[in-house]
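The file data_15.txt comes next; it holds compact mmCIF, C-alpha atoms and all ligand atoms.
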```
# COMPACT_ATOMS: atom_id res chain seq x y z
CA MET A 465 119.84 89.29 102.04
CA VAL A 466 121.43 86.50 104.10
CA ILE A 467 119.50 83.28 103.65
CA ASP A 468 119.51 81.01 106.67
CA GLN A 469 119.29 77.50 105.22
CA THR A 470 118.21 75.97 108.53
CA ILE A 471 115.26 78.30 109.02
CA GLU A 472 114.27 77.76 105.38
CA GLN A 473 114.39 74.00 105.67
CA GLU A 474 112.50 73.97 108.97
CA MET A 475 109.84 76.24 107.55
CA LEU A 476 109.41 74.08 104.45
CA GLN A 477 109.04 70.99 106.62
CA VAL A 478 106.32 72.74 108.62
CA VAL A 479 104.54 73.78 105.41
CA LYS A 480 104.70 70.24 103.99
CA ARG A 481 103.19 68.88 107.22
CA ILE A 482 100.41 71.49 107.36
CA THR A 483 99.58 70.92 103.70
CA LYS A 484 99.34 67.16 104.08
CA GLN A 485 97.64 66.95 107.46
CA GLN A 486 95.43 70.02 107.59
CA ILE A 487 94.92 71.57 104.15
CA MET A 488 94.56 68.56 101.83
CA PRO A 489 91.78 66.96 103.91
CA ARG A 490 89.75 70.19 103.63
CA ALA A 491 90.26 70.84 99.90
CA VAL A 492 87.13 69.04 98.66
CA GLU A 493 84.86 70.74 101.19
CA VAL A 494 86.28 74.23 100.57
CA ASP A 495 85.86 73.69 96.81
CA ARG A 496 82.25 72.52 97.30
CA THR A 497 81.10 75.21 99.74
CA ASP A 498 83.23 78.05 98.33
CA GLU A 499 83.41 79.47 101.86
CA PHE A 500 86.51 81.31 103.06
CA PRO A 501 88.32 78.87 105.41
CA HIS A 502 89.15 81.13 108.37
CA ASP A 503 90.41 78.11 110.34
CA LEU A 504 93.04 77.28 107.72
CA VAL A 505 94.18 80.90 107.58
CA LYS A 506 94.52 80.79 111.38
CA ILE A 507 96.84 77.80 110.94
CA LEU A 508 98.98 79.81 108.50
CA GLY A 509 99.15 82.59 111.09
CA GLU A 510 99.96 80.29 114.01
CA ASN A 511 102.88 78.83 112.09
CA GLY A 512 104.36 82.21 111.23
CA LEU A 513 103.56 82.00 107.54
CA LEU A 514 101.53 85.21 107.32
CA THR A 515 104.26 87.27 108.95
CA MET A 516 107.33 85.70 107.35
CA SER A 517 108.06 88.84 105.26
CA LEU A 518 108.21 91.05 108.36
CA PRO A 519 111.42 91.94 110.22
CA GLU A 520 112.40 89.77 113.19
CA LYS A 521 111.30 92.45 115.67
CA TYR A 522 107.71 91.89 114.49
CA GLY A 523 107.83 88.10 114.48
CA GLY A 524 109.03 87.66 110.89
CA ILE A 525 112.17 86.39 109.18
CA GLU A 526 112.29 88.85 106.24
CA ALA A 527 111.78 85.84 104.01
CA SER A 528 113.54 85.78 100.67
CA ALA A 529 111.67 85.56 97.37
CA SER A 530 113.03 82.03 97.00
CA LEU A 531 111.63 80.87 100.33
CA LEU A 532 108.25 82.57 99.86
CA GLY A 533 108.00 81.01 96.42
CA MET A 534 108.66 77.50 97.72
CA VAL A 535 106.20 77.95 100.59
CA ILE A 536 103.49 79.15 98.21
CA GLU A 537 104.19 76.28 95.79
CA GLU A 538 103.91 73.74 98.61
CA LEU A 539 100.64 75.19 99.98
CA CYS A 540 99.11 75.13 96.49
CA LYS A 541 99.66 71.37 96.28
CA GLY A 542 96.94 71.23 98.93
CA LEU A 543 94.61 74.08 98.00
CA ALA A 544 95.15 76.90 95.52
CA MET A 545 93.43 79.59 97.59
CA MET A 546 96.01 79.12 100.34
CA GLY A 547 98.56 80.36 97.81
CA THR A 548 96.53 83.39 96.73
CA THR A 549 95.96 84.31 100.39
CA MET A 550 99.71 84.22 101.05
CA LEU A 551 100.56 85.94 97.77
CA SER A 552 98.18 88.83 98.23
CA THR A 553 99.31 89.45 101.81
CA HIS A 554 103.05 89.18 101.18
CA ALA A 555 102.96 91.12 97.91
CA VAL A 556 101.39 94.06 99.75
CA ILE A 557 103.84 93.79 102.67
CA ARG A 558 106.86 93.65 100.33
CA MET A 559 105.66 96.50 98.09
CA VAL A 560 104.86 98.75 101.05
CA SER A 561 108.16 97.85 102.77
CA LEU A 562 110.16 99.26 99.90
CA MET A 563 108.39 102.59 99.61
CA ALA A 564 106.95 103.56 102.99
CA ARG A 565 108.64 105.76 105.60
CA PRO A 566 110.03 104.06 108.73
CA ASP A 567 107.26 105.51 110.95
CA GLN A 568 104.57 104.25 108.54
CA LEU A 569 106.18 100.81 108.55
CA GLU A 570 106.37 100.67 112.38
CA LYS A 571 102.62 101.10 112.61
CA PHE A 572 101.84 98.70 109.75
CA TYR A 573 104.19 95.96 110.98
CA ALA A 574 103.05 96.28 114.59
CA ASN A 575 99.43 95.82 113.57
CA LEU A 576 100.20 92.82 111.35
CA SER A 577 102.32 91.11 113.97
CA SER A 578 99.35 90.10 116.13
CA GLY A 579 96.40 87.99 115.03
CA HIS A 580 96.14 86.49 111.59
CA LYS A 581 95.87 89.57 109.44
CA LEU A 582 95.66 89.63 105.67
CA CYS A 583 96.33 92.29 103.03
CA ALA A 584 94.62 92.87 99.69
CA PHE A 585 95.90 94.42 96.47
CA CYS A 586 93.34 96.71 94.79
CA LEU A 587 94.14 97.72 91.23
CA THR A 588 91.57 96.30 88.79
CA GLU A 589 88.46 98.32 87.95
CA PRO A 590 85.50 97.56 85.67
CA HIS A 591 87.12 99.40 82.73
CA ALA A 592 90.77 98.96 83.67
CA GLY A 593 92.21 95.45 83.72
CA SER A 594 95.34 94.87 81.64
CA ASP A 595 95.40 98.60 80.91
CA ALA A 596 96.08 99.51 84.52
CA ARG A 597 96.94 103.13 83.70
CA ALA A 598 93.27 103.61 82.77
CA ILE A 599 92.04 103.37 86.38
CA SER A 600 89.60 106.09 87.35
CA THR A 601 89.60 105.84 91.15
CA SER A 602 90.55 109.31 92.35
CA ALA A 603 92.36 110.56 95.43
CA LYS A 604 91.98 114.28 96.11
CA LYS A 605 93.58 116.35 98.85
CA ALA A 606 90.96 116.95 101.57
CA PRO A 607 90.45 120.51 102.93
CA GLN A 608 91.00 119.20 106.48
CA GLY A 609 94.20 117.34 105.44
CA GLY A 610 94.57 113.80 104.15
CA TYR A 611 92.87 112.49 101.01
CA ILE A 612 89.38 111.62 99.85
CA LEU A 613 89.12 108.57 97.58
CA ASN A 614 86.29 107.66 95.23
CA GLY A 615 86.04 104.64 92.95
CA THR A 616 85.33 100.92 92.71
CA LYS A 617 87.91 98.15 92.67
CA ILE A 618 86.75 94.78 91.38
CA PHE A 619 87.97 91.16 91.60
CA VAL A 620 89.93 91.95 94.75
CA THR A 621 91.36 88.80 96.34
CA LEU A 622 90.64 88.84 100.10
CA ALA A 623 87.96 91.55 99.79
CA HIS A 624 85.83 91.41 102.97
CA VAL A 625 88.45 89.45 104.95
CA ALA A 626 91.66 91.52 104.73
CA GLU A 627 92.74 94.03 107.35
CA TYR A 628 94.58 96.33 104.90
CA TYR A 629 93.86 97.32 101.28
CA LEU A 630 96.62 98.68 99.04
CA VAL A 631 94.59 100.91 96.72
CA PHE A 632 95.93 102.49 93.53
CA ALA A 633 94.28 105.81 92.68
CA LYS A 634 94.87 108.86 90.51
CA THR A 635 96.09 111.93 92.41
CA ASN A 636 95.87 113.78 89.10
CA PRO A 637 94.91 112.55 85.62
CA ASP A 638 98.48 111.45 84.75
CA GLU A 639 99.61 110.27 88.14
CA ILE A 640 98.93 107.01 90.00
CA SER A 641 99.57 106.90 93.73
CA ALA A 642 99.35 104.08 96.27
CA PHE A 643 97.36 104.24 99.51
CA LEU A 644 97.37 101.71 102.33
CA ILE A 645 93.86 101.78 103.76
CA HIS A 646 92.60 100.06 106.89
CA LYS A 647 89.34 98.11 106.58
CA ASN A 648 87.60 100.39 109.11
CA SER A 649 88.30 103.62 107.27
CA PRO A 650 85.17 105.76 106.84
CA GLY A 651 83.77 105.43 103.31
CA LEU A 652 85.34 102.03 102.53
CA ARG A 653 82.81 99.27 102.04
CA PHE A 654 82.61 95.89 100.35
CA GLY A 655 80.38 94.96 97.43
CA LYS A 656 79.40 91.65 95.89
CA LEU A 657 81.51 88.52 96.07
CA GLU A 658 82.11 86.77 92.75
CA GLU A 659 81.12 83.18 91.96
CA LYS A 660 84.13 81.72 90.19
CA MET A 661 85.00 78.75 87.98
CA GLY A 662 87.72 77.72 90.41
CA LEU A 663 89.90 79.04 93.20
CA HIS A 664 86.98 78.39 95.50
CA GLY A 665 87.20 79.57 99.08
CA SER A 666 89.18 82.65 98.12
CA SER A 667 87.11 85.73 98.70
CA THR A 668 87.03 87.69 95.41
CA GLY A 669 84.95 90.84 95.42
CA ASP A 670 84.41 94.58 95.09
CA VAL A 671 86.05 97.19 97.29
CA ILE A 672 84.06 100.43 97.09
CA LEU A 673 85.43 103.81 98.08
CA GLU A 674 82.77 106.48 98.61
CA ASP A 675 84.26 109.71 99.89
CA CYS A 676 86.66 107.48 101.78
CA TRP A 677 88.82 109.73 103.97
CA VAL A 678 92.35 108.69 104.89
CA ASP A 679 95.08 110.70 106.61
CA ASP A 680 98.33 111.72 104.89
CA ASP A 681 100.10 108.66 106.32
CA ALA A 682 98.02 106.39 104.09
CA LEU A 683 99.97 107.61 101.05
CA ILE A 684 102.86 105.18 100.43
CA GLY A 685 105.89 106.83 98.88
CA GLU A 686 105.38 110.11 97.10
CA GLU A 687 102.36 111.15 95.06
CA GLY A 688 102.77 109.66 91.58
CA GLN A 689 105.01 106.77 92.64
CA GLY A 690 102.21 104.22 92.34
CA TRP A 691 103.16 103.33 88.78
CA LYS A 692 106.75 102.60 89.76
CA MET A 693 105.42 100.41 92.54
CA LEU A 694 103.25 98.53 90.08
CA SER A 695 105.54 98.19 87.10
CA GLU A 696 108.94 97.58 88.67
CA ILE A 697 108.62 96.81 92.34
CA GLY A 698 105.27 95.05 92.11
CA THR A 699 106.38 92.68 89.39
CA SER A 700 109.56 91.74 91.10
CA MET A 701 108.26 91.81 94.65
CA LEU A 702 105.94 88.89 94.30
CA ARG A 703 102.89 89.31 92.18
CA SER A 704 103.98 87.80 88.87
CA TRP A 705 106.43 85.22 90.10
CA GLY A 706 103.99 84.35 92.90
CA ALA A 707 101.51 83.21 90.25
CA ALA A 708 104.26 81.05 88.74
CA CYS A 709 104.90 79.37 92.11
CA MET A 710 101.20 78.74 92.70
CA ALA A 711 100.88 77.21 89.24
CA LEU A 712 103.80 74.87 89.93
CA GLY A 713 102.11 73.62 93.09
CA VAL A 714 98.77 73.00 91.38
CA GLY A 715 100.48 71.33 88.39
CA GLN A 716 102.61 69.10 90.63
CA ALA A 717 99.55 67.98 92.61
CA ALA A 718 97.80 67.00 89.36
CA LEU A 719 100.84 65.05 88.17
CA ASP A 720 101.15 63.23 91.53
CA TYR A 721 97.48 62.19 91.40
CA ALA A 722 97.83 61.10 87.75
CA ILE A 723 100.88 58.93 88.51
CA GLU A 724 99.06 57.20 91.37
CA TYR A 725 96.03 56.62 89.18
CA ALA A 726 98.13 55.29 86.29
CA LYS A 727 99.63 52.70 88.67
CA GLU A 728 96.24 51.51 89.93
CA ARG A 729 93.73 51.74 87.08
CA LYS A 730 93.58 48.63 84.89
CA GLN A 731 92.17 48.28 81.38
CA PHE A 732 92.81 45.46 78.91
CA ASN A 733 94.31 43.56 81.89
CA LYS A 734 97.11 46.10 82.23
CA ARG A 735 97.82 49.12 84.39
CA ILE A 736 97.07 52.15 82.21
CA GLY A 737 100.56 53.39 83.13
CA ASP A 738 101.91 50.47 81.08
CA PHE A 739 100.43 51.94 77.90
CA GLN A 740 103.01 54.06 76.14
CA ALA A 741 100.42 56.76 75.39
CA ILE A 742 99.85 57.36 79.11
CA ARG A 743 103.50 56.92 80.06
CA PHE A 744 104.60 59.55 77.51
CA MET A 745 101.94 61.98 78.73
CA LEU A 746 103.26 61.58 82.28
CA ALA A 747 106.85 61.95 81.09
CA ASP A 748 106.01 65.14 79.18
CA CYS A 749 104.17 66.58 82.19
CA ALA A 750 107.10 65.83 84.51
CA MET A 751 109.60 67.28 82.02
CA GLN A 752 107.66 70.50 81.52
CA LEU A 753 107.02 71.00 85.22
CA GLU A 754 110.68 70.44 86.08
CA ALA A 755 111.80 72.86 83.35
CA ALA A 756 109.36 75.50 84.58
CA ARG A 757 110.47 74.94 88.18
CA CYS A 758 114.13 75.46 87.20
CA LEU A 759 113.29 78.78 85.54
CA VAL A 760 111.13 79.94 88.45
CA ARG A 761 113.78 79.04 91.06
CA GLU A 762 116.53 80.78 89.06
CA THR A 763 114.32 83.86 88.63
CA ASN A 764 113.62 84.00 92.35
CA ARG A 765 117.33 83.58 93.12
CA ARG A 766 118.11 86.57 90.89
CA VAL A 767 115.31 88.63 92.42
CA ASP A 768 116.84 87.96 95.86
CA LEU A 769 120.30 88.95 94.66
CA GLU A 770 119.23 92.13 92.87
CA ALA A 771 116.33 93.48 94.98
CA PRO A 772 115.31 96.25 95.16
CA ASN A 773 117.03 97.28 91.89
CA ILE A 774 115.89 94.51 89.61
CA SER A 775 117.56 94.50 86.19
CA LYS A 776 115.52 94.47 82.96
CA GLU A 777 116.85 90.98 82.22
CA THR A 778 115.50 89.68 85.51
CA LEU A 779 112.18 91.46 84.99
CA ALA A 780 111.94 89.63 81.66
CA MET A 781 112.67 86.38 83.50
CA VAL A 782 109.87 87.12 85.98
CA SER A 783 107.45 87.40 83.04
CA MET A 784 108.92 84.29 81.39
CA SER A 785 108.50 82.32 84.63
CA LYS A 786 104.90 83.49 84.99
CA CYS A 787 104.00 82.53 81.41
CA LEU A 788 105.83 79.24 81.31
CA ALA A 789 104.77 77.90 84.71
CA THR A 790 101.12 78.87 84.30
CA ASP A 791 100.87 77.51 80.74
CA VAL A 792 102.54 74.28 81.88
CA ALA A 793 100.17 73.96 84.85
CA MET A 794 97.19 74.34 82.52
CA LYS A 795 98.57 71.63 80.22
CA VAL A 796 99.49 69.26 83.05
CA THR A 797 96.14 69.57 84.85
CA THR A 798 94.27 69.05 81.55
CA ASP A 799 96.39 65.96 80.80
CA ALA A 800 95.75 64.67 84.32
CA VAL A 801 92.00 64.85 83.65
CA GLN A 802 92.61 62.90 80.42
CA ILE A 803 94.61 60.24 82.26
CA PHE A 804 91.76 59.78 84.75
CA GLY A 805 89.37 59.29 81.78
CA GLY A 806 85.70 59.75 82.69
CA TYR A 807 86.54 59.83 86.38
CA GLY A 808 88.70 62.86 85.70
CA TYR A 809 85.55 64.78 84.81
CA ILE A 810 83.78 63.77 88.01
CA LYS A 811 83.95 65.93 91.12
CA GLU A 812 84.64 62.95 93.38
CA TYR A 813 88.19 62.92 91.96
CA PRO A 814 90.58 65.82 92.55
CA VAL A 815 91.93 66.58 89.10
CA GLU A 816 88.99 68.55 87.66
CA ARG A 817 89.32 70.97 90.60
CA LEU A 818 93.01 71.39 89.86
CA MET A 819 92.24 72.07 86.19
CA ARG A 820 89.72 74.77 87.15
CA ASP A 821 92.18 76.25 89.64
CA ALA A 822 95.08 76.25 87.15
CA LYS A 823 93.16 78.42 84.68
CA ILE A 824 93.19 81.51 86.88
CA PHE A 825 96.98 81.73 86.92
CA GLN A 826 97.11 82.40 83.17
CA ILE A 827 94.81 85.40 83.78
CA VAL A 828 95.77 87.11 87.05
CA ASP A 829 98.79 89.23 87.87
CA GLY A 830 99.26 90.32 84.28
CA THR A 831 97.65 87.98 81.73
CA ASN A 832 100.00 85.74 79.79
CA GLN A 833 99.45 87.96 76.74
CA VAL A 834 100.58 90.98 78.75
CA GLN A 835 103.60 89.05 80.08
CA ARG A 836 104.58 88.19 76.50
CA MET A 837 104.29 91.90 75.62
CA ILE A 838 106.68 92.71 78.49
CA ILE A 839 109.18 90.03 77.41
CA GLY A 840 109.00 91.23 73.80
CA SER A 841 109.49 94.87 74.70
CA ILE A 842 112.53 94.09 76.87
CA LEU A 843 114.02 91.88 74.12
CA LEU A 844 113.56 94.54 71.46
CA LYS A 845 114.73 97.53 73.50
C1 LIG B 901 89.94 85.24 90.71
C2 LIG B 901 90.53 86.57 90.40
C3 LIG B 901 91.31 87.21 91.35
C4 LIG B 901 91.84 88.48 91.09
N1 LIG B 901 92.53 89.14 92.07
C5 LIG B 901 92.86 90.44 91.88
C6 LIG B 901 93.39 91.22 92.96
O1 LIG B 901 93.61 90.72 94.07
N2 LIG B 901 93.65 92.53 92.72
C7 LIG B 901 93.43 93.13 91.51
O2 LIG B 901 93.68 94.31 91.38
N3 LIG B 901 92.93 92.40 90.47
C8 LIG B 901 92.64 91.09 90.63
N4 LIG B 901 92.11 90.36 89.60
C9 LIG B 901 91.97 90.98 88.29
C10 LIG B 901 92.95 90.44 87.26
O3 LIG B 901 94.26 90.85 87.57
C11 LIG B 901 92.46 90.90 85.89
O4 LIG B 901 91.31 90.13 85.60
C12 LIG B 901 93.51 90.77 84.82
O5 LIG B 901 94.51 91.75 85.02
C13 LIG B 901 92.95 90.96 83.42
O6 LIG B 901 92.15 92.10 83.33
P1 LIG B 901 90.68 91.99 82.70
O7 LIG B 901 89.98 90.89 83.38
O8 LIG B 901 90.07 93.32 82.72
O9 LIG B 901 90.92 91.52 81.21
P2 LIG B 901 91.25 92.47 79.95
O10 LIG B 901 92.38 93.37 80.28
O11 LIG B 901 89.98 93.07 79.47
O12 LIG B 901 91.76 91.41 78.90
C14 LIG B 901 90.89 90.60 78.10
C15 LIG B 901 91.76 89.80 77.14
O13 LIG B 901 92.47 90.69 76.26
C16 LIG B 901 93.86 90.45 76.36
N5 LIG B 901 94.57 91.72 76.20
C17 LIG B 901 94.36 92.88 76.88
N6 LIG B 901 95.19 93.82 76.45
C18 LIG B 901 95.97 93.25 75.49
C19 LIG B 901 97.04 93.72 74.65
N7 LIG B 901 97.50 94.98 74.74
N8 LIG B 901 97.60 92.85 73.78
C20 LIG B 901 97.15 91.57 73.72
N9 LIG B 901 96.14 91.07 74.46
C21 LIG B 901 95.57 91.91 75.33
C22 LIG B 901 94.07 89.83 77.73
O14 LIG B 901 95.27 89.08 77.79
C23 LIG B 901 92.83 88.97 77.85
O15 LIG B 901 93.03 87.76 77.16
C24 LIG B 901 91.62 89.08 89.83
C25 LIG B 901 90.85 88.42 88.86
C26 LIG B 901 90.30 87.19 89.14
C27 LIG B 901 89.43 86.53 88.10
```
Using structure tokens, write down the structure that the file contains.
Ligand SMILES: Cc1cc2nc3c(=O)[nH]c(=O)nc-3n(C[C@H](O)[C@H](O)[C@H](O)COP(=O)(O)OP(=O)(O)OC[C@H]3O[C@@H](n4cnc5c(N)ncnc54)[C@H](O)[C@@H]3O)c2cc1C
Amino acid sequence: MVIDQTIEQEMLQVVKRITKQQIMPRAVEVDRTDEFPHDLVKILGENGLLTMSLPEKYGGIEASASLLGMVIEELCKGLAMMGTTMLSTHAVIRMVSLMARPDQLEKFYANLSSGHKLCAFCLTEPHAGSDARAISTSAKKAPQGGYILNGTKIFVTLAHVAEYYLVFAKTNPDEISAFLIHKNSPGLRFGKLEEKMGLHGSSTGDVILEDCWVDDDALIGEEGQGWKMLSEIGTSMLRSWGAACMALGVGQAALDYAIEYAKERKQFNKRIGDFQAIRFMLADCAMQLEAARCLVRETNRRVDLEAPNISKETLAMVSMSKCLATDVAMKVTTDAVQIFGGYGYIKEYPVERLMRDAKIFQIVDGTNQVQRMIIGSILLK
């Protein structure tokens, strides 16, 4: 892929401005109300951020992994759910782009190119989390043509608000297939929304399929290719490294707030930043974030060079990036709370929100235990 530096730089400038002027001022309110901020998503759409993975013909720039990663990182400095909204939408677009037929893509792209449309990724079920092969949602050939799907997907980011749902279902007991389902399909409905520790404002809920009929065009790729989409393409096409980029943004925001606070807060007639204990904590946070950022950027560069045939070494790096960046973000946000002292624990200050938000990235998109299993299995192959 040819990367146009000018477009990248312009886009990053736009994202920095939106984050500072429009997202950051809303972060406290979105966290308090936990309501999905449709107005902020509209701003993403108006600035071309929701369509940046699409081809030019449909208003996109076929954004590279590197650019998407930096955009997501920047948005998460303002509000973590902006990152998950982007991640979910672009992960689905990129995964579908690699496996769908041209005529399926025409229709999908054309629909996404107008309005501010979002996409959701539907894999997890009540009894199938890390063990994704254990899903029980079924897709059976319908007598009149097409497929009938039955099952419940839980914890779906953008449930209720997305236009399209990429649903993984079993077409036979050993075979997972992927279906792109429009929100208005008969038999698709939404269940409860979850109340979460953090990541407020993001709509996390159940997607229920009850004799949900879809035509043959909903099947993406061939029957049985869903696992390939999940294990190879999915990992490299955004989901895991997307979590790494979001974590970097949240971690960096916490460090920035902590530095400001350490310059202002005085105890024992000194700025707390003048105490070596605080200074070393800040230095360690900066070091770890920078190291994680280097790994994430290098991983994304390799993904761009190798896509769609990502090597095992790069897949291991995707998992390493996800683990390292999300563990670092958890450490940095926790240290930021410590640096704020008692005020760090109070909602009036931003760092407790960042600490709650950081936690999710160690869990979603393959838990950090699962990522370590992937790294280990690639190392020992
Ligand atoms: C806010 C939020 C948003 C989400 N968004 C989405 C979404 O958009 N789409 C979607 O499909 N899902 C989504 N999820 C689901 C998420 O991906 C899962 O929660 C995650 O994959 C873990 O699955 P689980 O919760 O069932 O935990 P489990 O798989 O039950 O794991 C429990 C614990 O056991 C560990 N564990 C499991 N297996 C092993 C093993 N073999 N070796 C060592 N340790 C192991 C795990 O690491 C974890 O610590 C979301 C979840 C949340 C909370």
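For Gly840 of chain A, the residues within 12 Å (counting only C-alpha atoms, excluding itself and residues fewer than 3 positions away along the chain) are Lys776, Glu777, Leu779, Ala780, Met781, Ser783, Met784, Gln833, Val834, Gln835, Arg836, Met837, Leu843, Leu844 and Lys845 of chain A.
Interatomic distance, atom CA of Phe572 of chain A against atom CA of Trp691 of chain A: 21.5 Å.
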### Query
Do you know which residues are within 8 Å of ligand LIG 901 (chain B) using only C-alpha atoms and all ligand atoms? Can you write them as a ChimeraX atom specification?
/A:552,584-596,617-622,660,662-663,666,668,824,827-834,837
### Spatial neighbours of Ala544 of chain A, max dist 9 Å, all atoms listed in the file, sep filter under 3 positions, as number ranges by chain
A: 491, 539-541, 547-549, 663-664, 666, 710-711, 713-714, 818, 821-822
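Our summary of the geometry notes that atom CA of Gln802 of chain A is positioned 15.3 Å from atom CA of Arg735 of chain A.
Note that atom CA of Met693 of chain A and atom CA of Gly715 of chain A are 29.8 Å apart.
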### Task
Name the residues within 10 Å of (93.2, 99.5, 102.5), counting all atoms listed in the file in the file's coordinates, and put them as an MDAnalysis selection string.
chainID A and resid 583:586 623 626:632 642:649 652 671 673 678 682
### Message
Taking only C-alpha atoms into account, name the residue in A:Lys605, A:Lys786, A:Arg490, A:His580 that is nearest to Ala707 of chain A.
### Response
A:Lys786
What are the closest atom pairs, with distances in Å to one decimal, for each residue of segment 539-656 of chain A lying within 10 Å of segment 512-521 of chain A, using all atoms listed in the file, rows by chain and rising residue number, as JSON lines?
```
{"residue": "A:Thr549", "atom": "CA", "partner": "A:Leu514", "partner_atom": "CA", "distance": 8.9}
{"residue": "A:Met550", "atom": "CA", "partner": "A:Leu514", "partner_atom": "CA", "distance": 6.6}
{"residue": "A:Leu551", "atom": "CA", "partner": "A:Leu514", "partner_atom": "CA", "distance": 9.6}
{"residue": "A:Thr553", "atom": "CA", "partner": "A:Leu514", "partner_atom": "CA", "distance": 7.3}
{"residue": "A:His554", "atom": "CA", "partner": "A:Ser517", "partner_atom": "CA", "distance": 6.5}
{"residue": "A:Ala555", "atom": "CA", "partner": "A:Ser517", "partner_atom": "CA", "distance": 9.2}
{"residue": "A:Ile557", "atom": "CA", "partner": "A:Ser517", "partner_atom": "CA", "distance": 7.0}
{"residue": "A:Arg558", "atom": "CA", "partner": "A:Ser517", "partner_atom": "CA", "distance": 7.0}
{"residue": "A:Ser561", "atom": "CA", "partner": "A:Leu518", "partner_atom": "CA", "distance": 8.8}
{"residue": "A:Leu569", "atom": "CA", "partner": "A:Leu518", "partner_atom": "CA", "distance": 10.0}
{"residue": "A:Tyr573", "atom": "CA", "partner": "A:Leu518", "partner_atom": "CA", "distance": 6.9}
{"residue": "A:Ala574", "atom": "CA", "partner": "A:Lys521", "partner_atom": "CA", "distance": 9.2}
{"residue": "A:Leu576", "atom": "CA", "partner": "A:Thr515", "partner_atom": "CA", "distance": 7.3}
{"residue": "A:Ser577", "atom": "CA", "partner": "A:Thr515", "partner_atom": "CA", "distance": 6.6}
{"residue": "A:Ser578", "atom": "CA", "partner": "A:Thr515", "partner_atom": "CA", "distance": 9.1}
{"residue": "A:Gly579", "atom": "CA", "partner": "A:Leu514", "partner_atom": "CA", "distance": 9.7}
{"residue": "A:His580", "atom": "CA", "partner": "A:Leu514", "partner_atom": "CA", "distance": 7.0}
{"residue": "A:Lys581", "atom": "CA", "partner": "A:Leu514", "partner_atom": "CA", "distance": 7.5}
{"residue": "A:Leu582", "atom": "CA", "partner": "A:Leu514", "partner_atom": "CA", "distance": 7.5}
{"residue": "A:Cys583", "atom": "CA", "partner": "A:Leu514", "partner_atom": "CA", "distance": 9.8}
```
How big is the axis-aligned box around all listed atoms of segment 478-488 of chain A once 6 Å goes on each side, and where's its centre, in Å to one decimal, as AutoDock Vina command-line options?
```
--center_x 100.4 --center_y 70.4 --center_z 105.2 --size_x 23.8 --size_y 18.8 --size_z 18.8
```
### Message
Taking all atoms listed in the file into account, name the residue in A:Thr790, A:Gln689, A:Gln740, A:Ser600 that is nearest to Ala726 of chain A.
### Response
A:Gln740
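Comparing A:Leu683, A:Val796, A:Ala708, A:Val767 by their smallest distance to Gln568 of chain A, the closest is A:Leu683 (using only C-alpha atoms).
Considering all atoms listed in the file, the residue among A:Ile471, A:Ile839, A:Cys749, A:Ile612 positioned nearest to Leu719 of chain A is A:Cys749.
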Starting from the incomplete input, reconstruct N, CA and C atoms of segment 553-563 of chain A and report them as an mmCIF file, keeping the file's coordinate frame.
```cif
data_model
loop_
_atom_site.group_PDB
_atom_site.id
_atom_site.type_symbol
_atom_site.label_atom_id
_atom_site.label_comp_id
_atom_site.auth_asym_id
_atom_site.auth_seq_id
_atom_site.Cartn_x
_atom_site.Cartn_y
_atom_site.Cartn_z
ATOM 1 N N THR A 553 98.822 88.849 100.564
ATOM 2 C CA THR A 553 99.310 89.450 101.810
ATOM 3 C C THR A 553 100.788 89.833 101.692
ATOM 4 N N HIS A 554 101.607 88.896 101.227
ATOM 5 C CA HIS A 554 103.050 89.180 101.180
ATOM 6 C C HIS A 554 103.413 90.168 100.074
ATOM 7 N N ALA A 555 102.670 90.145 98.970
ATOM 8 C CA ALA A 555 102.960 91.120 97.910
ATOM 9 C C ALA A 555 102.753 92.528 98.460
ATOM 10 N N VAL A 556 101.657 92.729 99.193
ATOM 11 C CA VAL A 556 101.390 94.060 99.750
ATOM 12 C C VAL A 556 102.477 94.422 100.770
ATOM 13 N N ILE A 557 102.815 93.487 101.650
ATOM 14 C CA ILE A 557 103.840 93.790 102.670
ATOM 15 C C ILE A 557 105.153 94.180 101.972
ATOM 16 N N ARG A 558 105.556 93.404 100.970
ATOM 17 C CA ARG A 558 106.860 93.650 100.330
ATOM 18 C C ARG A 558 106.842 94.971 99.548
ATOM 19 N N MET A 559 105.727 95.257 98.868
ATOM 20 C CA MET A 559 105.660 96.500 98.090
ATOM 21 C C MET A 559 105.688 97.710 99.027
ATOM 22 N N VAL A 560 104.913 97.636 100.105
ATOM 23 C CA VAL A 560 104.860 98.750 101.050
ATOM 24 C C VAL A 560 106.226 98.912 101.725
ATOM 25 N N SER A 561 106.866 97.793 102.065
ATOM 26 C CA SER A 561 108.160 97.850 102.770
ATOM 27 C C SER A 561 109.195 98.661 102.012
ATOM 28 N N LEU A 562 109.139 98.584 100.687
ATOM 29 C CA LEU A 562 110.160 99.260 99.900
ATOM 30 C C LEU A 562 109.910 100.749 99.724
ATOM 31 N N MET A 563 108.677 101.185 99.936
ATOM 32 C CA MET A 563 108.390 102.590 99.610
ATOM 33 C C MET A 563 107.906 103.423 100.780
#
```
